[in-house]
Structure formats: C-alpha cells, structure tokens
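What follows is one structure encoded as structure tokens, with my remarks underneath.
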Protein chains: 2
Amino acid sequence: MFTLAEENYLKAIYHLEKDSKVGVSTNAIAVKLNTQPSSVTDMVQKLANKKALSYQKYKGSLLTKEGKKIAANVIRKHRLWEVFLVEKLKFQWDEVHEIAEQLEHIKSEELIKRLDVFLDHPDFDPHGDPIPDENGIIKPTEKKLLSELQKDQRGICVGVKESSTQFLQYLDTRNIGIGTTIKVIDKEEFDDSMTIQVGETKLHITDKIANNLYINTH
Amino acid sequence: MFTLAEENYLKAIYHLEKDSKVGVSTNAIAVKLNTQPSSVTDMVQKLANKKALSYQKYKGSLLTKEGKKIAANVIRKHRLWEVFLVEKLKFQWDEVHEIAEQLEHIKSEELIKRLDVFLDHPDFDPHGDPIPDENGIIKPTEKKLLSELQKDQRGICVGVKESSTQFLQYLDTRNIGIGTTIKVIDKEEFDDSMTIQVGETKLHITDKIANNLYINTH
DNA sequence: TTATTAATTTAGATAAGCCTAAAAATAAAA
DNA sequence: TTTTATTTTTAGGCTTATCTAAATTAATAA
Ligand SMILES: [Mn+2]
Ligand SMILES: [Mn+2]
Ligand SMILES: [Mn+2]
Ligand SMILES: [Mn+2]
C-alpha cells in the first residue's frame with residue numbers, strides 16, 4: 001500500500017521520466033512537487049526500499065514496473081474523475097484539476113471500475129490527455145504541436161500541453177477547445193507567431209500558444 | 001481549516017452528542033474511533049483551542065456551533081456520496097460506507113453543491129439517514145423502531161439504525177429494504193421477538209432485528 | 001467516609017513527511 | 001587539471017497523530 005504522499009511522488013516521477021531514459025534528478029522532483037531536495041531524497045530512499053523505484057545516490061530515480069503501474073493507476077483515476085466532473089457535474093475544464101488531485105487518492109478498485117463504466121469507458125480526459133487502461137497501458141495517439149504545422153495545414157485540436165487555468169480560459173474566450181478545427185493561415189519566421197483560422201475568425205497567436213496546443217492532422 | 005483526523009473526531013462527537021446534553025466522554029470517543037483515550041485527550045484539547053468544541057478536564061467535550069456545522073457538513077458529504085454510489089454507480093447499500101468515509105473529506109464547496117444538484121437534492125441516503133442541508137440543518141422525520149409497533153400495526157421501512165454489512169445483507173436476503181411495507185403479525189412478550197409480514201411471506205425476527213429497523217406508520 | 005475501581009490526563013516515544021543548514025559529491029569553468 | 005559552482009545527501013528539528021505506561025482525578029462500594 002502506498003500513502004497519498006508516496007502516490008504523488010510516483011506520479012511526478014512518472015511524468016518526468018516520460019522522455020529521458022536516464023534517472024530523474026532529485027532536484028527535478030523537488031521542483032515539480034514544490035518541496036525541498038532533501039525531502040525528495042528521504043522519500044525516494046523510502047520508495048526504493050518499497051521496490052517502487054530504483055535509486056542510486058547522485059544518480060537519480062527510475063520507476064520499477066511496479067512503480068509505473070501504481071503511477072499510471074493514479075493518473076487513470078485522476079483523468080476519469082476529471083471526465084466525471086466535466087461530463088456529469090458540468091464543471092468547466094479549467095476547474096477540475098485541483099479536485100481531481102484529491103479524488104485520485106481514493107482507494108477502491110471497484111469504485112474506479114464502476115466509474116469507468118458509468119462514464120462509458122472514456123479514452124481521453126477533458127484536456128485531451130489519454131486515460132491509461134486498468135493495466136496502465138496508454139495507447140499512443142497521433143498528434144503534433146500546432147507550432148509544427150506548416151502554412152495552409154489544418155487539423156483538429158485534440159489536447160493541451162499546458163493546462164493552467166489561465167491558458168484554458170484564454171482558449172475559452174477564443175472558442176478553441178478539444179475538437180475545434182484550426183487552420184494555419186500564416187507563419188512568421190522571425191518570432192514563430194502564426195495567424196490561424198478558428199471557425200469564421202482569424203486569430204494571431206504567439207509561439208507560446210502554438211507550442212501548447214496538440215493537433216491531429218489526419 | 002480542519003484536517004481529516006479532526007473532521008473524523010468532530011463527526012464522531014456529533015453522533016455521540018445526539019442524545020446526551022452532557023459532555024461526551026473521552027472514553028466514548030476513543031471507543032467510537034478505535035483509538036486510545038490519551039489520543040482523544042490530545043485531540044479534544046487541540047479542537048478546543050480551535051473553538052470547535054468546549055472541553056473541561058474530566059468533564060468531556062461538547063461541540064460549539066462552529067464544530068456542529070463542520071461535523072454536519074462532513075456528514076452531508078458522506079451521505080451525498082453514498083447516494084451517488086448507489087444511485088449512479090449501482091453499488092449495493094452495504095458496499096458504500098467505506099468509500100464514503102474517504103470521499104467525505106474531499107474539499108470543495110462547489111463539488112458538493114454540484115453533486116447535490118446532479119443527484120436531484122436527495123433528502124435521505126441509501127440507509128434512510130437524512131442528509132443535512134448546506135447549513136447543517138436536518139429536518140426531523142417521523143419514524144419509530146419496529147420494536148415499538150403493536151400487534152397488527154403496519155408501516156413502511158424508512159431506515160436502519162445499524163448499518164453493518166452483516167445486517168444489511170440479512171435484510172437483503174429477506175427482501176427488506178427502504179420502502180418495504182412491514183406488518184406486525186404477532187409479538188412475543190417473553191423475548192420480544194415478533195412475527196412480521198413482508199410482501200407475501202411471514203417472518204420471525206428477534207428483538208435485535210426489530211430494534212434496528214425504523215418504520216414510518218403514517 | 002474511606003478504600004477500591006474506573007476514567008482521564010500527563011509524560012515520554014514513535015513514524016510520516018516535511019524543513020533548514022551543513023557536508024559531500026558531481027559537474028562546469030578556468 | 002585545478003578551482004568554483006551546482007547538485008545531492010546527511011544531520012538535526014518540527015508538526016501531526018498516534019501509542020504505552022504512569023500519575024491523577026472522579027466515581028463507586030464497603
Ligand atoms: Mn488534471
Ligand atoms: Mn487533465
Ligand atoms: Mn455511511
Ligand atoms: Mn449511510
């Protein structure tokens with residue numbers, strides 16, 4: 001059994017591991033969890049004892065198979081609850097993360113099984129993030145950043161990379177959401193800004209925006 | 001703000017206070033929460049500092065207005081979640097308590113407000129217990145114990161006093177639930193057992209059963 | 001009313017999860 | 001390859017929520 005704090009560490013390390021094959025640094029974990037590096041050292045040593053990750057002094061941490069499974073399951077719960085909050089309780093997509101941070105730690109296999117059924121086995125959360133299955137498997141999806149699109153290319157917005165309230169509300173006011181069709185009208189090489197078409201309206205966006213929107217071009 | 005542990009103490013004291021106007025004894029709280037009396041002393045002193053209850057050495061504890069409000073709100077959340085689990089996720093009524101014990105501590109006013117709407121403002125939980133409103137008010141309901149009924153009286157089962165899995169499953173196998181009409185066919189003075197009619201079938205029950213079923217005779 | 005028993009509190013520990021400050025190891029720069 | 005800077009760990013503390021054992025107070029019985 002893993003405590004709430006332990007689950008949060010595993011989840012953080014899971015997200016940080018994503019790209020790098022090399023050990024996740026103690027400092028990176030500390031930044032992500034808003035704690036001190038010394039606290040992280042304590043905890044990763046504990047998690048190493050519990051076989052949830054492998055850890056070598058000064059070399060960082062890597063989740064074990066077991067650790068990955070725990071982390072993926074917490075993420076599964078987080079995202080299923082977010083779907084529930086948006087689909088059933090009619091929350092906005094920028095309001096659900098904090099609550100899901102709490103709900104993801106509720107312990108009951110049966111609860112999640114039934115929630116999944118109740119929500120009709122959703123594949124993605126309200127931010128377009130994929131929901132791992134019961135075994136922690138995430139099926140890969142076709143998507144690229146809007147910034148990677150060329151002039152005149154079009155696609156459907158399938159997710160956000162950032163999901164801060166600020167960014168989500170920015171998108172809301174511009175009528176951009178999951179499912180929205182976006183076409184690149186023009187790209188400015190100098191500052192990587194672009195003009196896009198959303199519905200009837202043209203919009204000029206900075207690279208920061210274009211780097212945080214996932215698009216499916218198929 | 002109150003911690004999970006503090007909320008559990010307040011809830012326990014709230015339930016224990018129900019009848020007695022006198023202070024709730026330290027030992028009673030310890031028994032209810034399955035802790036040692038010394039732990040209770042520590043905690044009630046802390047809660048007294050936080051103005052959630054009044055406490056005098058050797059005299060027990062009594063919730064303040066504030067303490068009662070916190071407790072009632074936790075109970076409100078517990079019962080709303082139980083309704084959700086049974087009505088929406090199709091859990092049995094004997095399966096929901098443990099999960100609700102966790103869910104009751106999720107912190108979000110908005111969540112509960114919306115859950116209440118989603119469930120269509122239920123007045124009672126799956127065990128027939130009343131759900132306090134946003135102000136912690138519980139409207140009094142007409143009910144008496146089945147054991148208080150006289151021969152030939154009839155009524156509708158509106159709640160259970162005990163709600164252990166064992167008892168709830170006992171009722172399930174005998175087709176007794178909230179809403180079931182029960183008629184007293186006969187009462188045995190010697191051991192307080194009774195014969196009751198449930199649907200087409202007659203059933204002989206002990207005083208222990210009759211003392212744990214709430215009946216509305218109107 | 002005194003002696004005994006029961007209830008309650010205090011004292012002192014422990015584990016989890018965090019912190020600050022100092023020491024040690026590694027990485028980067030000169 | 002030294003020196004310097006950065007990262008990471010260790011040492012020592014703190015808070016919350018527990019516990020056990022001992023002391024104290026209240027209740028009950030003789
Ligand atoms: Mn989220
Ligand atoms: Mn999300
Ligand atoms: Mn319950
Ligand atoms: Mn209930």
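We name chains A, B, ... following the order of the structure tokens; residues begin at 1 in each chain, and ligands are numbered from 1 as shown.
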- Given 7 Å and only C-alpha atoms (C1' of nucleotides) and all ligand atoms, residues near ligand 2 as number ranges by chain: A: 79, 82, 97, 125-127, 129
Give me a file of those residues, with all heavy atoms, as an mmCIF file, in the first residue's frame.
data_model
loop_
_atom_site.group_PDB
_atom_site.id
_atom_site.type_symbol
_atom_site.label_atom_id
_atom_site.label_comp_id
_atom_site.auth_asym_id
_atom_site.auth_seq_id
_atom_site.Cartn_x
_atom_site.Cartn_y
_atom_site.Cartn_z
ATOM 1 N N ARG A 79 -7.751 11.225 -14.231
ATOM 2 C CA ARG A 79 -8.388 11.608 -15.504
ATOM 3 C C ARG A 79 -9.833 11.144 -15.588
ATOM 4 O O ARG A 79 -10.690 11.854 -16.137
ATOM 5 C CB ARG A 79 -7.534 11.089 -16.670
ATOM 6 C CG ARG A 79 -6.192 11.830 -16.702
ATOM 7 C CD ARG A 79 -5.247 11.424 -17.808
ATOM 8 N NE ARG A 79 -4.024 12.235 -17.708
ATOM 9 C CZ ARG A 79 -2.886 11.989 -18.338
ATOM 10 N NH1 ARG A 79 -2.783 10.952 -19.165
ATOM 11 N NH2 ARG A 79 -1.839 12.779 -18.163
ATOM 12 N N GLU A 82 -11.760 13.609 -13.665
ATOM 13 C CA GLU A 82 -11.912 14.854 -14.419
ATOM 14 C C GLU A 82 -13.036 14.739 -15.446
ATOM 15 O O GLU A 82 -13.823 15.668 -15.625
ATOM 16 C CB GLU A 82 -10.597 15.244 -15.121
ATOM 17 C CG GLU A 82 -9.546 15.814 -14.157
ATOM 18 C CD GLU A 82 -8.352 16.425 -14.879
ATOM 19 O OE1 GLU A 82 -8.152 16.153 -16.077
ATOM 20 O OE2 GLU A 82 -7.598 17.178 -14.216
ATOM 21 N N HIS A 97 -8.969 20.302 -12.131
ATOM 22 C CA HIS A 97 -7.689 19.676 -11.783
ATOM 23 C C HIS A 97 -7.465 19.551 -10.267
ATOM 24 O O HIS A 97 -7.100 18.487 -9.769
ATOM 25 C CB HIS A 97 -6.524 20.425 -12.427
ATOM 26 C CG HIS A 97 -5.200 19.799 -12.146
ATOM 27 N ND1 HIS A 97 -4.794 18.631 -12.766
ATOM 28 C CD2 HIS A 97 -4.216 20.126 -11.283
ATOM 29 C CE1 HIS A 97 -3.603 18.301 -12.305
ATOM 30 N NE2 HIS A 97 -3.222 19.187 -11.401
ATOM 31 N N ASP A 125 -9.273 12.512 -21.216
ATOM 32 C CA ASP A 125 -9.846 13.405 -20.204
ATOM 33 C C ASP A 125 -10.229 14.734 -20.859
ATOM 34 O O ASP A 125 -10.039 14.910 -22.062
ATOM 35 C CB ASP A 125 -8.870 13.524 -19.019
ATOM 36 C CG ASP A 125 -7.792 14.577 -19.215
ATOM 37 O OD1 ASP A 125 -7.742 15.218 -20.283
ATOM 38 O OD2 ASP A 125 -6.982 14.749 -18.298
ATOM 39 N N PRO A 126 -10.786 15.655 -20.100
ATOM 40 C CA PRO A 126 -11.277 16.903 -20.718
ATOM 41 C C PRO A 126 -10.181 17.758 -21.353
ATOM 42 O O PRO A 126 -10.485 18.687 -22.100
ATOM 43 C CB PRO A 126 -11.911 17.651 -19.532
ATOM 44 C CG PRO A 126 -12.219 16.601 -18.534
ATOM 45 C CD PRO A 126 -11.138 15.597 -18.667
ATOM 46 N N HIS A 127 -8.924 17.456 -21.038
ATOM 47 C CA HIS A 127 -7.830 18.231 -21.628
ATOM 48 C C HIS A 127 -7.185 17.493 -22.789
ATOM 49 O O HIS A 127 -6.142 17.911 -23.292
ATOM 50 C CB HIS A 127 -6.789 18.552 -20.555
ATOM 51 C CG HIS A 127 -7.391 19.071 -19.296
ATOM 52 N ND1 HIS A 127 -7.567 18.302 -18.179
ATOM 53 C CD2 HIS A 127 -7.918 20.283 -19.000
ATOM 54 C CE1 HIS A 127 -8.159 19.019 -17.238
ATOM 55 N NE2 HIS A 127 -8.391 20.214 -17.709
ATOM 56 N N ASP A 129 -5.933 14.496 -22.604
ATOM 57 C CA ASP A 129 -4.917 13.542 -22.168
ATOM 58 C C ASP A 129 -5.503 12.133 -22.115
ATOM 59 O O ASP A 129 -6.624 11.937 -21.650
ATOM 60 C CB ASP A 129 -4.382 13.931 -20.789
ATOM 61 C CG ASP A 129 -3.598 15.226 -20.832
ATOM 62 O OD1 ASP A 129 -2.763 15.371 -21.748
ATOM 63 O OD2 ASP A 129 -3.827 16.100 -19.970
#
- Contact residues (chain A, partner chain B, 8 Å, only C-alpha atoms) as number ranges by chain: A: 88-90, 99, 102-103, 106-108, 111, 114-115, 118
Filtering to C-alpha atoms, could you give me those residues as a short mmCIF file (atom, residue, chain, number, x, y, z; two decimals), in the first residue's frame?
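Everything below was put into selection36.cif:
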data_model
loop_
_atom_site.label_atom_id
_atom_site.label_comp_id
_atom_site.auth_asym_id
_atom_site.auth_seq_id
_atom_site.Cartn_x
_atom_site.Cartn_y
_atom_site.Cartn_z
CA LYS A 88 -21.64 14.81 -15.24
CA LEU A 89 -21.21 17.71 -12.85
CA LYS A 90 -20.81 20.31 -15.61
CA ILE A 99 -10.45 18.48 -7.18
CA GLN A 102 -7.77 14.91 -4.22
CA LEU A 103 -10.07 12.33 -5.77
CA ILE A 106 -9.48 7.49 -3.08
CA LYS A 107 -8.81 3.80 -2.59
CA SER A 108 -11.25 1.37 -4.17
CA LEU A 111 -15.12 2.38 -7.47
CA ARG A 114 -17.72 1.35 -11.91
CA LEU A 115 -16.85 4.97 -12.58
CA PHE A 118 -20.63 4.98 -15.73
#
- Once you count only C-alpha atoms (C1' of nucleotides), which residues of chain C turn out to be within 10 Å of chain B? Could you give them as a ChimeraX atom specification? /C:7-10
Create the file for the chosen residues now, containing C-alpha atoms (C1' of nucleotides) and written as a CSV table (one decimal), in the first residue's frame.
chain,number,residue,atom,x,y,z
C,7,DA,C1',-11.9,7.1,33.8
C,8,DT,C1',-9.0,10.6,32.3
C,9,DT,C1',-4.8,13.1,31.8
C,10,DT,C1',0.2,13.6,31.5
- Query: Please, which residues of chain D lie no more than 12 Å from chain A when the count uses only C-alpha atoms (C1' of nucleotides), and can they be set out as a PyMOL selection string?
  - Reply: chain D and resi 6-11
- Message: According to DSSP computed on the backbone, where in region 48-148 of chain B is there strand (DSSP E)? Give the residues as a PyMOL selection string.
- Response: chain B and resi 53-56+60-63+144-145
- Query: How far is it from CA of Gly128 (chain A) to CA of Leu213 (chain A), in Å with one decimal?
  - Reply: 10.1 Å
Exercise: Arg174 (chain B) partners within 9 Å, only C-alpha atoms (C1' of nucleotides), chain neighbours under 5 positions left out, as a JSON list (two decimals) with all heavy atoms, in the first residue's frame:
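See selection.json below for the written result:
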[["chain", "number", "residue", "atom", "x", "y", "z"],
["B", 169, "GLN", "N", -27.10, -7.21, 4.72],
["B", 169, "GLN", "CA", -27.25, -8.40, 3.88],
["B", 169, "GLN", "C", -28.33, -9.33, 4.42],
["B", 169, "GLN", "O", -29.04, -9.99, 3.65],
["B", 169, "GLN", "CB", -25.90, -9.12, 3.75],
["B", 169, "GLN", "CG", -24.95, -8.34, 2.84],
["B", 169, "GLN", "CD", -23.60, -9.00, 2.64],
["B", 169, "GLN", "OE1", -23.32, -10.03, 3.25],
["B", 169, "GLN", "NE2", -22.77, -8.40, 1.80],
["B", 198, "VAL", "N", -43.88, -9.56, 5.35],
["B", 198, "VAL", "CA", -43.14, -8.78, 4.34],
["B", 198, "VAL", "C", -43.58, -9.31, 2.98],
["B", 198, "VAL", "O", -43.25, -10.44, 2.62],
["B", 198, "VAL", "CB", -41.62, -8.96, 4.49],
["B", 198, "VAL", "CG1", -40.89, -8.22, 3.38],
["B", 198, "VAL", "CG2", -41.16, -8.49, 5.85],
["B", 203, "LEU", "N", -42.42, -13.81, 8.58],
["B", 203, "LEU", "CA", -41.03, -13.94, 9.01],
["B", 203, "LEU", "C", -40.96, -13.76, 10.51],
["B", 203, "LEU", "O", -41.60, -12.87, 11.06],
["B", 203, "LEU", "CB", -40.24, -12.83, 8.30],
["B", 203, "LEU", "CG", -38.73, -12.85, 8.34],
["B", 203, "LEU", "CD1", -38.22, -14.10, 7.63],
["B", 203, "LEU", "CD2", -38.21, -11.59, 7.64]]
- Query: Just asking: which residues within chain A are alpha helix (DSSP H) according to DSSP, as a PyMOL selection string?
  - Reply: chain A and resi 4-17+26-33+37-49+65-83+97-103+109-118+165-173+207-210
- Task: Could you tell me how far CA of Ser164 (chain A) lies from CA of Asp94 (chain A), in Å and to one decimal?
- Result: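 Calculated distance between CA of Ser164 (chain A) and CA of Asp94 (chain A) is 7.1 Å.
Take the candidates B:Ser39, B:Asn49, B:Gln150, B:Ser61 and check each one against Val24 (chain B) using only C-alpha atoms; the shortest distance goes to B:Ser61.
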- Quick one, how far is CA of Val44 (chain A) from CA of Ile137 (chain A)? 24.0 Å
